[in-house]
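Have a look at final-v7.cif; it's mmCIF, C-alpha atoms:
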```
data_start
loop_
_atom_site.label_atom_id
_atom_site.label_comp_id
_atom_site.auth_asym_id
_atom_site.auth_seq_id
_atom_site.Cartn_x
_atom_site.Cartn_y
_atom_site.Cartn_z
CA MET R 3 -32.19 -14.09 -13.03
CA PHE R 4 -31.64 -16.86 -15.58
CA PRO R 5 -27.95 -17.00 -16.50
CA PHE R 6 -28.06 -18.28 -20.05
CA THR R 7 -25.33 -17.63 -22.53
CA ALA R 8 -26.49 -17.05 -26.06
CA PRO R 9 -27.46 -20.38 -27.62
CA ARG R 10 -24.63 -21.85 -29.63
CA PRO R 11 -25.01 -23.19 -33.17
CA PRO R 12 -26.13 -26.83 -33.02
CA ARG R 13 -23.40 -29.41 -33.25
CA ARG R 14 -23.69 -32.68 -35.14
CA ARG R 15 -26.80 -34.46 -33.96
CA ALA R 16 -27.44 -38.15 -33.48
CA LEU R 17 -29.55 -40.00 -36.02
CA PHE R 18 -32.66 -41.80 -34.76
CA ARG R 19 -34.53 -44.80 -36.10
CA PRO R 20 -37.77 -46.39 -34.79
CA ALA R 21 -37.82 -49.95 -33.42
CA GLY R 22 -41.41 -50.78 -32.53
CA ALA R 23 -44.21 -49.43 -30.38
CA ALA R 24 -42.66 -50.24 -27.00
CA ALA R 25 -39.14 -49.04 -27.73
CA LEU R 26 -37.40 -46.48 -29.86
CA ALA R 27 -33.94 -47.50 -30.99
CA LEU R 28 -31.68 -44.60 -31.67
CA GLY R 29 -29.02 -45.81 -34.08
CA LEU R 30 -25.86 -43.80 -33.73
CA ALA R 31 -23.39 -46.13 -35.37
CA ALA R 32 -22.47 -48.01 -38.48
CA ALA R 33 -24.16 -51.38 -38.95
CA THR R 34 -20.97 -53.18 -37.96
CA GLY R 35 -20.99 -51.63 -34.49
CA CYS R 36 -23.56 -53.77 -32.65
CA SER R 37 -22.62 -55.41 -29.35
CA SER R 38 -23.12 -59.10 -28.88
CA GLY R 39 -23.54 -61.17 -25.73
CA GLY R 40 -23.98 -58.09 -23.54
CA GLY R 41 -20.56 -56.62 -24.32
CA ALA R 42 -19.65 -53.57 -26.38
CA SER R 43 -17.90 -54.07 -29.69
CA ASP R 44 -14.88 -52.06 -30.74
CA ASP R 45 -17.22 -49.55 -32.38
CA THR R 46 -20.47 -49.33 -30.45
CA VAL R 47 -21.85 -49.30 -26.92
CA LYS R 48 -25.50 -50.23 -26.45
CA VAL R 49 -27.38 -48.20 -23.84
CA GLY R 50 -30.93 -49.08 -22.78
CA LEU R 51 -33.03 -46.26 -21.34
CA VAL R 52 -36.31 -47.12 -19.55
CA ALA R 53 -38.56 -44.14 -18.79
CA SER R 54 -42.25 -43.36 -18.41
CA LEU R 55 -43.32 -42.34 -21.90
CA SER R 56 -46.99 -42.91 -21.02
CA GLY R 57 -49.08 -42.70 -17.86
CA THR R 58 -48.97 -40.36 -14.86
CA TYR R 59 -45.25 -39.66 -15.09
CA GLU R 60 -44.99 -39.15 -18.84
CA PRO R 61 -43.65 -35.57 -18.36
CA VAL R 62 -40.86 -36.92 -16.15
CA GLY R 63 -39.94 -39.83 -18.40
CA THR R 64 -39.90 -37.63 -21.48
CA GLU R 65 -37.36 -35.32 -19.85
CA LEU R 66 -35.17 -38.25 -18.76
CA ARG R 67 -35.08 -39.37 -22.37
CA ASP R 68 -34.48 -35.88 -23.74
CA GLY R 69 -31.74 -35.07 -21.21
CA PHE R 70 -29.73 -38.12 -22.26
CA LYS R 71 -30.33 -37.37 -25.93
CA LEU R 72 -29.17 -33.77 -25.45
CA TYR R 73 -25.80 -34.96 -24.19
CA LEU R 74 -25.44 -37.23 -27.19
CA ASP R 75 -26.56 -34.48 -29.56
CA THR R 76 -23.93 -32.10 -28.22
CA HIS R 77 -21.13 -34.68 -28.10
CA GLY R 78 -21.22 -36.05 -31.62
CA GLY R 79 -23.38 -39.05 -30.75
CA LYS R 80 -20.49 -40.67 -28.88
CA LEU R 81 -19.66 -41.66 -25.31
CA GLY R 82 -16.05 -42.31 -24.39
CA GLY R 83 -15.12 -42.05 -28.03
CA ARG R 84 -17.45 -44.93 -28.97
CA GLU R 85 -20.54 -44.73 -31.14
CA VAL R 86 -23.74 -45.27 -29.16
CA GLU R 87 -26.90 -47.18 -29.93
CA LEU R 88 -29.53 -45.85 -27.54
CA ILE R 89 -32.67 -47.98 -27.19
CA VAL R 90 -35.54 -46.32 -25.33
CA ALA R 91 -38.38 -48.33 -23.78
CA ASP R 92 -41.58 -47.30 -21.99
CA GLU R 93 -41.70 -47.77 -18.20
CA GLY R 94 -45.38 -46.75 -18.00
CA ASP R 95 -46.75 -46.40 -14.48
CA GLY R 96 -44.46 -48.90 -12.79
CA PRO R 97 -43.33 -52.53 -12.47
CA PRO R 98 -46.00 -54.21 -14.65
CA THR R 99 -44.66 -52.36 -17.70
CA ALA R 100 -41.14 -51.53 -16.49
CA VAL R 101 -40.05 -55.15 -15.99
CA PRO R 102 -40.92 -56.43 -19.48
CA ALA R 103 -39.41 -53.29 -21.01
CA ALA R 104 -36.14 -53.76 -19.13
CA THR R 105 -36.15 -57.51 -19.76
CA LYS R 106 -36.31 -56.96 -23.52
CA LEU R 107 -33.44 -54.48 -23.38
CA VAL R 108 -31.22 -56.80 -21.34
CA LYS R 109 -32.04 -60.21 -22.78
CA LYS R 110 -33.00 -59.51 -26.39
CA ASP R 111 -31.25 -56.24 -27.22
CA LYS R 112 -28.29 -57.17 -24.98
CA VAL R 113 -27.54 -53.63 -23.84
CA ASP R 114 -24.27 -52.93 -22.03
CA VAL R 115 -25.78 -50.40 -19.61
CA LEU R 116 -29.30 -49.64 -18.36
CA THR R 117 -30.31 -46.10 -17.39
CA GLY R 118 -33.44 -44.04 -16.63
CA LEU R 119 -36.28 -45.47 -14.46
CA VAL R 120 -38.69 -42.91 -13.02
CA GLY R 121 -40.27 -44.92 -10.19
CA GLY R 122 -38.68 -46.43 -7.10
CA GLY R 123 -40.96 -49.43 -7.45
CA SER R 124 -39.64 -49.94 -10.97
CA VAL R 125 -36.06 -49.89 -9.67
CA ASN R 126 -36.79 -52.57 -7.07
CA ALA R 127 -38.61 -54.72 -9.61
CA VAL R 128 -35.77 -54.54 -12.15
CA LEU R 129 -32.95 -55.26 -9.66
CA PRO R 130 -33.05 -59.09 -9.99
CA LEU R 131 -32.59 -58.73 -13.73
CA ILE R 132 -29.60 -56.42 -13.25
CA GLN R 133 -27.98 -58.66 -10.66
CA GLN R 134 -28.39 -61.73 -12.85
CA ALA R 135 -27.06 -60.06 -15.99
CA LYS R 136 -24.31 -58.17 -14.14
CA ILE R 137 -24.70 -54.96 -16.13
CA PRO R 138 -24.57 -51.44 -14.64
CA LEU R 139 -27.90 -49.81 -13.76
CA LEU R 140 -27.17 -46.08 -13.88
CA GLY R 141 -30.52 -44.70 -12.73
CA SER R 142 -31.33 -41.07 -13.42
CA ASN R 143 -34.23 -40.43 -11.06
CA ALA R 144 -34.89 -40.84 -7.33
CA ARG R 145 -34.04 -44.31 -5.99
CA PRO R 146 -34.99 -46.26 -2.85
CA PRO R 147 -32.32 -47.88 -0.65
CA VAL R 148 -30.74 -50.98 -2.21
CA GLU R 149 -28.87 -53.72 -0.34
CA ASP R 150 -26.68 -55.05 -3.16
CA ILE R 151 -25.28 -51.94 -4.84
CA GLU R 152 -22.41 -53.49 -6.80
CA TYR R 153 -24.01 -52.74 -10.18
CA VAL R 154 -26.49 -50.08 -9.02
CA TRP R 155 -25.91 -46.32 -9.29
CA THR R 156 -28.00 -43.19 -9.50
CA THR R 157 -27.11 -39.74 -10.81
CA SER R 158 -30.19 -38.29 -9.10
CA PHE R 159 -30.58 -38.99 -5.36
CA LEU R 160 -32.04 -41.33 -2.77
CA SER R 161 -35.79 -40.85 -2.49
CA ASP R 162 -35.82 -39.75 1.16
CA GLU R 163 -33.25 -36.97 0.72
CA PRO R 164 -35.48 -34.06 -0.45
CA GLY R 165 -37.60 -34.29 2.69
CA ARG R 166 -34.55 -34.64 4.91
CA ALA R 167 -32.97 -31.58 3.30
CA ILE R 168 -35.94 -29.23 3.76
CA ALA R 169 -37.31 -30.40 7.13
CA PRO R 170 -35.02 -28.17 9.27
CA TYR R 171 -35.89 -25.11 7.15
CA ILE R 172 -39.64 -25.73 7.53
CA LYS R 173 -39.23 -26.29 11.28
CA GLU R 174 -37.50 -22.91 11.54
CA LYS R 175 -39.93 -20.96 9.32
CA VAL R 176 -43.33 -22.42 10.26
CA ASP R 177 -44.76 -21.50 13.65
CA GLY R 178 -46.86 -24.57 14.30
CA PRO R 179 -47.79 -28.05 13.00
CA VAL R 180 -47.23 -29.12 9.38
CA TYR R 181 -49.54 -31.45 7.45
CA ALA R 182 -47.83 -34.20 5.39
CA ILE R 183 -49.55 -35.74 2.36
CA GLY R 184 -48.36 -37.85 -0.58
CA PRO R 185 -49.13 -40.67 -3.03
CA ASP R 186 -49.51 -44.22 -1.74
CA TYR R 187 -46.69 -46.06 -3.54
CA GLN R 188 -42.97 -46.74 -3.09
CA GLY R 189 -41.70 -43.32 -4.22
CA GLY R 190 -44.28 -41.45 -2.15
CA HIS R 191 -43.49 -43.51 0.94
CA ASP R 192 -39.76 -42.83 0.60
CA GLU R 193 -40.15 -39.10 -0.07
CA LEU R 194 -42.55 -38.47 2.79
CA ARG R 195 -40.64 -40.69 5.21
CA GLY R 196 -37.55 -38.56 4.66
CA PHE R 197 -39.46 -35.46 5.69
CA THR R 198 -41.51 -36.84 8.58
CA ASP R 199 -38.64 -38.77 10.18
CA GLU R 200 -36.34 -35.74 10.12
CA PHE R 201 -39.11 -33.32 11.12
CA LYS R 202 -40.03 -35.43 14.15
CA ARG R 203 -36.36 -35.91 15.04
CA ILE R 204 -35.90 -32.13 15.34
CA LYS R 205 -39.09 -31.87 17.45
CA GLY R 206 -41.44 -30.74 14.71
CA LYS R 207 -45.12 -31.66 15.03
CA LEU R 208 -47.33 -33.07 12.29
CA ALA R 209 -50.88 -31.75 12.02
CA ASN R 210 -52.14 -35.08 10.65
CA PRO R 211 -54.51 -37.04 12.91
CA GLY R 212 -52.39 -39.46 14.91
CA GLY R 213 -49.23 -37.82 13.61
CA GLU R 214 -49.18 -40.09 10.52
CA THR R 215 -48.84 -39.08 6.87
CA THR R 216 -52.02 -38.98 4.78
CA TRP R 217 -51.81 -41.16 1.66
CA THR R 218 -53.72 -40.64 -1.59
CA PRO R 219 -54.36 -43.64 -3.90
CA PHE R 220 -51.87 -43.79 -6.79
CA PRO R 221 -52.33 -43.23 -9.70
CA LYS R 222 -56.10 -42.95 -9.32
CA THR R 223 -56.38 -39.73 -7.30
CA THR R 224 -57.33 -36.72 -9.43
CA ASN R 225 -59.63 -34.91 -6.96
CA PHE R 226 -57.71 -33.60 -3.97
CA MET R 227 -60.45 -31.32 -2.66
CA PRO R 228 -61.72 -33.80 -0.03
CA TYR R 229 -58.20 -34.06 1.35
CA PHE R 230 -57.84 -30.27 1.48
CA ALA R 231 -61.15 -30.05 3.34
CA GLU R 232 -59.75 -32.45 5.96
CA ILE R 233 -56.55 -30.42 6.26
CA ALA R 234 -58.67 -27.30 6.89
CA LYS R 235 -60.14 -29.01 9.96
CA THR R 236 -56.69 -29.35 11.56
CA ASP R 237 -54.40 -26.76 13.15
CA ALA R 238 -51.92 -27.01 10.27
CA LYS R 239 -49.84 -23.89 9.62
CA ALA R 240 -48.26 -25.28 6.43
CA VAL R 241 -48.36 -28.33 4.14
CA TYR R 242 -45.54 -30.55 2.89
CA CYS R 243 -46.18 -32.89 -0.05
CA PHE R 244 -44.63 -34.84 -2.89
CA TYR R 245 -46.33 -35.21 -6.28
CA ALA R 246 -45.09 -35.19 -9.85
CA GLY R 247 -46.44 -35.43 -13.38
CA LYS R 248 -50.17 -35.03 -13.93
CA ALA R 249 -50.90 -35.48 -10.21
CA ALA R 250 -48.77 -32.40 -9.49
CA ILE R 251 -50.85 -30.31 -11.91
CA ASP R 252 -54.11 -31.40 -10.27
CA PHE R 253 -52.73 -30.88 -6.76
CA ALA R 254 -51.41 -27.35 -7.35
CA LYS R 255 -54.45 -26.09 -9.25
CA GLN R 256 -56.91 -27.43 -6.70
CA TYR R 257 -54.80 -26.25 -3.75
CA ALA R 258 -55.02 -22.67 -5.03
CA GLN R 259 -58.83 -22.94 -5.11
CA SER R 260 -59.24 -24.67 -1.75
CA ASP R 261 -59.95 -23.51 1.80
CA ILE R 262 -56.25 -23.93 2.66
CA ALA R 263 -54.90 -21.81 -0.21
CA ASP R 264 -53.41 -19.37 2.30
CA LEU R 265 -51.26 -22.05 3.97
CA PRO R 266 -47.63 -22.09 2.75
CA LEU R 267 -47.01 -25.11 0.52
CA TYR R 268 -43.61 -26.83 0.64
CA THR R 269 -42.94 -29.60 -1.84
CA ALA R 270 -40.61 -31.90 -3.65
CA PHE R 271 -41.22 -31.91 -7.42
CA VAL R 272 -44.75 -30.42 -7.53
CA THR R 273 -43.65 -27.47 -9.69
CA GLU R 274 -40.76 -29.14 -11.50
CA GLY R 275 -40.75 -29.41 -15.27
CA SER R 276 -43.42 -28.83 -17.87
CA VAL R 277 -46.11 -29.14 -15.19
CA LEU R 278 -45.27 -25.60 -14.03
CA GLN R 279 -46.62 -23.98 -17.18
CA ALA R 280 -49.73 -26.16 -16.96
CA GLN R 281 -50.27 -25.05 -13.36
CA GLY R 282 -49.99 -21.39 -14.29
CA PRO R 283 -50.69 -18.77 -11.60
CA ALA R 284 -51.81 -21.50 -9.18
CA ALA R 285 -48.13 -22.39 -8.67
CA LYS R 286 -47.01 -18.89 -7.66
CA ASP R 287 -45.06 -18.75 -4.37
CA ILE R 288 -44.89 -22.56 -3.90
CA TYR R 289 -41.60 -23.61 -2.28
CA SER R 290 -39.74 -26.69 -3.46
CA VAL R 291 -36.58 -28.57 -2.54
CA LEU R 292 -34.37 -30.13 -5.21
CA ASN R 293 -30.77 -30.86 -6.14
CA TYR R 294 -30.94 -28.47 -9.09
CA ALA R 295 -32.23 -25.04 -10.05
CA ALA R 296 -32.18 -23.78 -13.62
CA ASP R 297 -30.70 -20.42 -12.58
CA LEU R 298 -27.59 -21.80 -10.85
CA ASP R 299 -24.62 -19.69 -11.92
CA ASN R 300 -21.84 -22.03 -12.97
CA GLU R 301 -20.17 -22.74 -16.31
CA ALA R 302 -21.54 -26.27 -16.70
CA ASN R 303 -25.09 -25.05 -16.10
CA ARG R 304 -24.75 -22.12 -18.46
CA THR R 305 -23.76 -24.55 -21.22
CA PHE R 306 -26.45 -27.10 -20.35
CA ALA R 307 -29.20 -24.51 -19.93
CA ALA R 308 -28.36 -22.76 -23.19
CA ASP R 309 -28.33 -26.05 -25.13
CA TRP R 310 -31.57 -27.24 -23.53
CA THR R 311 -33.40 -23.94 -24.05
CA ALA R 312 -32.27 -23.70 -27.67
CA LYS R 313 -33.79 -27.12 -28.34
CA HIS R 314 -36.87 -27.10 -26.08
CA ASP R 315 -37.66 -23.39 -25.50
CA THR R 316 -38.19 -23.93 -21.78
CA GLN R 317 -36.12 -24.14 -18.59
CA PRO R 318 -34.20 -27.35 -17.95
CA THR R 319 -35.22 -29.52 -14.99
CA THR R 320 -33.66 -31.87 -12.48
CA TYR R 321 -34.98 -34.80 -14.53
CA ALA R 322 -33.24 -33.66 -17.70
CA MET R 323 -30.12 -32.66 -15.76
CA ALA R 324 -29.74 -36.02 -13.98
CA SER R 325 -30.14 -37.94 -17.24
CA TYR R 326 -27.69 -35.57 -18.97
CA ASP R 327 -25.29 -36.34 -16.12
CA ALA R 328 -25.87 -40.08 -16.59
CA ALA R 329 -24.59 -39.67 -20.14
CA ALA R 330 -21.68 -37.59 -18.85
CA VAL R 331 -20.80 -40.32 -16.34
CA LEU R 332 -20.86 -42.95 -19.08
CA ASP R 333 -18.77 -40.71 -21.32
CA LYS R 334 -15.98 -40.66 -18.74
CA ALA R 335 -16.40 -44.28 -17.63
CA ILE R 336 -16.35 -45.76 -21.14
CA ALA R 337 -13.25 -43.74 -21.99
CA ASP R 338 -11.53 -44.98 -18.82
CA ALA R 339 -12.57 -48.58 -19.50
CA ALA R 340 -11.18 -48.33 -23.03
CA LYS R 341 -7.80 -47.20 -21.68
CA ASP R 342 -7.55 -50.35 -19.57
CA GLY R 343 -8.66 -52.80 -22.28
CA ASP R 344 -12.03 -54.13 -23.37
CA VAL R 345 -15.21 -52.10 -22.93
CA THR R 346 -17.73 -54.47 -21.34
CA PRO R 347 -20.53 -54.07 -18.79
CA ARG R 348 -18.15 -55.12 -16.03
CA THR R 349 -15.32 -52.80 -17.05
CA ILE R 350 -17.77 -49.90 -17.45
CA ASN R 351 -19.10 -50.61 -13.95
CA LYS R 352 -15.59 -50.71 -12.53
CA ALA R 353 -14.77 -47.43 -14.24
CA ILE R 354 -17.88 -45.73 -12.80
CA ALA R 355 -16.66 -46.69 -9.32
CA GLY R 356 -13.35 -44.90 -9.92
CA LEU R 357 -14.59 -41.67 -11.50
CA GLY R 358 -14.28 -39.23 -8.62
CA GLN R 359 -15.78 -35.74 -8.98
CA ILE R 360 -18.31 -34.98 -11.73
CA ASP R 361 -18.53 -31.44 -13.14
CA SER R 362 -22.30 -30.95 -13.36
CA PRO R 363 -24.92 -28.24 -13.98
CA ARG R 364 -26.05 -28.76 -10.36
CA GLY R 365 -22.52 -28.10 -9.11
CA ALA R 366 -19.69 -30.61 -8.59
CA TRP R 367 -20.65 -33.95 -7.04
CA GLU R 368 -19.32 -37.48 -6.64
CA PHE R 369 -20.74 -40.93 -5.93
CA GLY R 370 -20.81 -41.94 -2.28
CA ASP R 371 -19.37 -45.33 -1.34
CA LYS R 372 -22.30 -46.53 0.79
CA ALA R 373 -25.22 -46.08 -1.61
CA HIS R 374 -23.64 -45.17 -4.98
CA SER R 375 -25.71 -41.96 -4.97
CA PRO R 376 -24.48 -38.38 -5.37
CA VAL R 377 -22.99 -36.43 -2.48
CA GLN R 378 -24.47 -33.07 -3.46
CA THR R 379 -26.01 -29.75 -2.45
CA TRP R 380 -29.76 -29.32 -2.01
CA TYR R 381 -31.49 -26.04 -2.88
CA LEU R 382 -34.62 -24.20 -1.80
CA ARG R 383 -36.53 -22.72 -4.76
CA GLN R 384 -39.71 -20.66 -4.99
CA VAL R 385 -42.03 -20.13 -7.95
CA ARG R 386 -41.64 -16.47 -8.91
CA PRO R 387 -41.99 -14.39 -12.09
CA ASP R 388 -38.93 -14.60 -14.32
CA GLY R 389 -39.61 -12.28 -17.22
CA ALA R 390 -42.94 -13.19 -18.79
CA GLN R 391 -43.10 -16.65 -17.21
CA LEU R 392 -43.10 -18.24 -13.79
CA ALA R 393 -39.95 -20.14 -12.82
CA ASN R 394 -38.49 -22.12 -9.94
CA VAL R 395 -36.05 -19.48 -8.69
CA MET R 396 -33.22 -20.54 -6.38
CA VAL R 397 -33.57 -18.99 -2.90
CA GLN R 398 -30.73 -20.57 -0.89
CA ASP R 399 -28.64 -23.67 -0.22
CA LEU R 400 -30.24 -26.04 2.30
CA ALA R 401 -27.89 -28.93 2.98
CA THR R 402 -25.30 -31.31 1.56
CA LEU R 403 -26.46 -34.95 1.61
CA GLY R 404 -25.48 -38.21 0.00
CA SER R 405 -23.84 -41.52 0.69
#
```
structure tokens encoding of this file:
Amino acid sequence: MFPFTAPRPPRRRALFRPAGAAALALGLAAATGCSSGGGASDDTVKVGLVASLSGTYEPVGTELRDGFKLYLDTHGGKLGGREVELIVADEGDGPPTAVPAATKLVKKDKVDVLTGLVGGGSVNAVLPLIQQAKIPLLGSNARPPVEDIEYVWTTSFLSDEPGRAIAPYIKEKVDGPVYAIGPDYQGGHDELRGFTDEFKRIKGKLANPGGETTWTPFPKTTNFMPYFAEIAKTDAKAVYCFYAGKAAIDFAKQYAQSDIADLPLYTAFVTEGSVLQAQGPAAKDIYSVLNYAADLDNEANRTFAADWTAKHDTQPTTYAMASYDAAAVLDKAIADAAKDGDVTPRTINKAIAGLGQIDSPRGAWEFGDKAHSPVQTWYLRQVRPDGAQLANVMVQDLATLGS
């Protein structure tokens, strides 16, 4: 079920050095290799990674960090033939901590590229900084729509795409209304809008009173039982939701103990990552939609999954995969920029635009011209036993989206 090759012997790993409480600088180069003025030197490229290393989405941010580090570990600590200095900063729960973290990376550390960012609100809040500095933002998690995309990219997806991808499947499989519920913040709004807009377009009916999504306060909500009691009063035949991190653990565990436990649960992210083991049997049979499944049978995934499992002793996730791919994109882009002359933020950005197809663990994809997001396949997964543990097992392809 899980197509791993035997783990390979570890290759040369990057060296890491601390740089304060808010950021962890990972020095991968000789002391002479630091960039200056926001441009890479002949020896070193500076990459700033902002991810939630505390707060609700700590499990997500940790995997973004570790996915990028895995690529460096397995590629000699270099991208495009250049040594890399990776500086990691804590996004926390959103803009109040994400903006100062990103500002330090751009203005003080003078990174050449910014990557990571868990929350859509964080992306929007950091955009003015990116546009002023004119450095590439290569996000590695879901992203809201952006008007000025010149320096903005994501290796993950647009936030409304999971819901759009699974809505037709739910309409076909569920005989009756579906209840939509999610967290009340930018990412939740985008995720649920994708589902409800597409579901209504194809003549699906929401079980929510007034046909409007139910929102739970973010990040304060830890008790979902009152919401489940309200769902039980409706004629819902299934539930669609989006939660991640600690909220996903609370949601899944309480759902299994509630009066609506027998209703099929369709989700984006609820069972993704380390939260699945914390949820335990409560997660069994939950359906999810994502752009990656750990048991996809392709050469790139066999390599990635074997390397990840050897290091972390657990299945890889879409978070780790998208950040791994961000490093892969930079690997190719920096090499291409070097062929044409100086490696600078602007030449790296130009090279990203000309990359074409990316060979990825999720399957081949490429950046779309309209949104600089992947044109990629979406998969239906279900939590099922895989040996001694539960896993998100791929069920079928759902759709190809991206722009």
Find the distance between atom CA of R:Arg348 and atom CA of R:Ala135 and write it in Å to one decimal. 10.2 Å
Pick out the closest residue to R:Ala91 from this set: R:Ala353, R:Ala328, R:Ala103, R:Leu292. Count all atoms listed in the file.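 Going through R:Ala353, R:Ala328, R:Ala103, R:Leu292 one by one, the smallest distance to R:Ala91 is for R:Ala103.
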Gap from atom CA of R:Leu72 to atom CA of R:Ala355 - Å, one decimal: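 Separation between atom CA of R:Leu72 and atom CA of R:Ala355: 24.2 Å.
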Using Å and a single decimal, report how far atom CA of R:Thr379 sits from atom CA of R:Thr402.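 So the answer is 4.4 Å.
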Best match for closeness to R:Asp252 among R:Tyr289, R:Phe271, R:Phe226, R:Phe306, counting only C-alpha atoms: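 Ranking R:Tyr289, R:Phe271, R:Phe226, R:Phe306 by distance to R:Asp252, first place goes to R:Phe226.
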Hey, which of R:Ala240, R:Ala390, R:Ile251, R:Val86 ends up closest to R:Leu265? Count all atoms listed in the file.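 Counting all atoms listed in the file, the residue closest to R:Leu265 is R:Ala240.
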From the list R:Ser124, R:Gln359, R:Ser325, R:Asn210, the nearest residue to R:Gln188 using all atoms listed in the file is R:Ser124
Given all atoms listed in the file as the counted atoms, nearest of R:Asp342, R:Glu163, R:Asp177, R:Asp68 to R:Thr198: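 Answer, going by the shortest atom-to-atom distance: R:Glu163.
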Name the closest residue to R:Val180 among the candidates R:Ser276, R:Asn293, R:Ser362, R:Thr215; distances are taken between atoms, counting all atoms listed in the file.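 Among the listed residues, the smallest separation from R:Val180 belongs to R:Thr215.
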Taking the file as shown, what set of residues would the PyMOL selection byres ((chain R and resi 119) around 10) give back, as a VMD selection string? chain R and resid 51 to 54 62 to 63 66 91 to 94 96 100 104 116 to 118 120 to 125 128 139 to 145 156
List the spatial neighbours of R:Pro146 as a list in words - criterion: any atom at most 7 Å away, all atoms listed in the file, same-chain residues fewer than 4 positions off excluded.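 Once the adjacent positions are removed, what remains is Gly122, Leu160, Ser161 and Asp192 of chain R.
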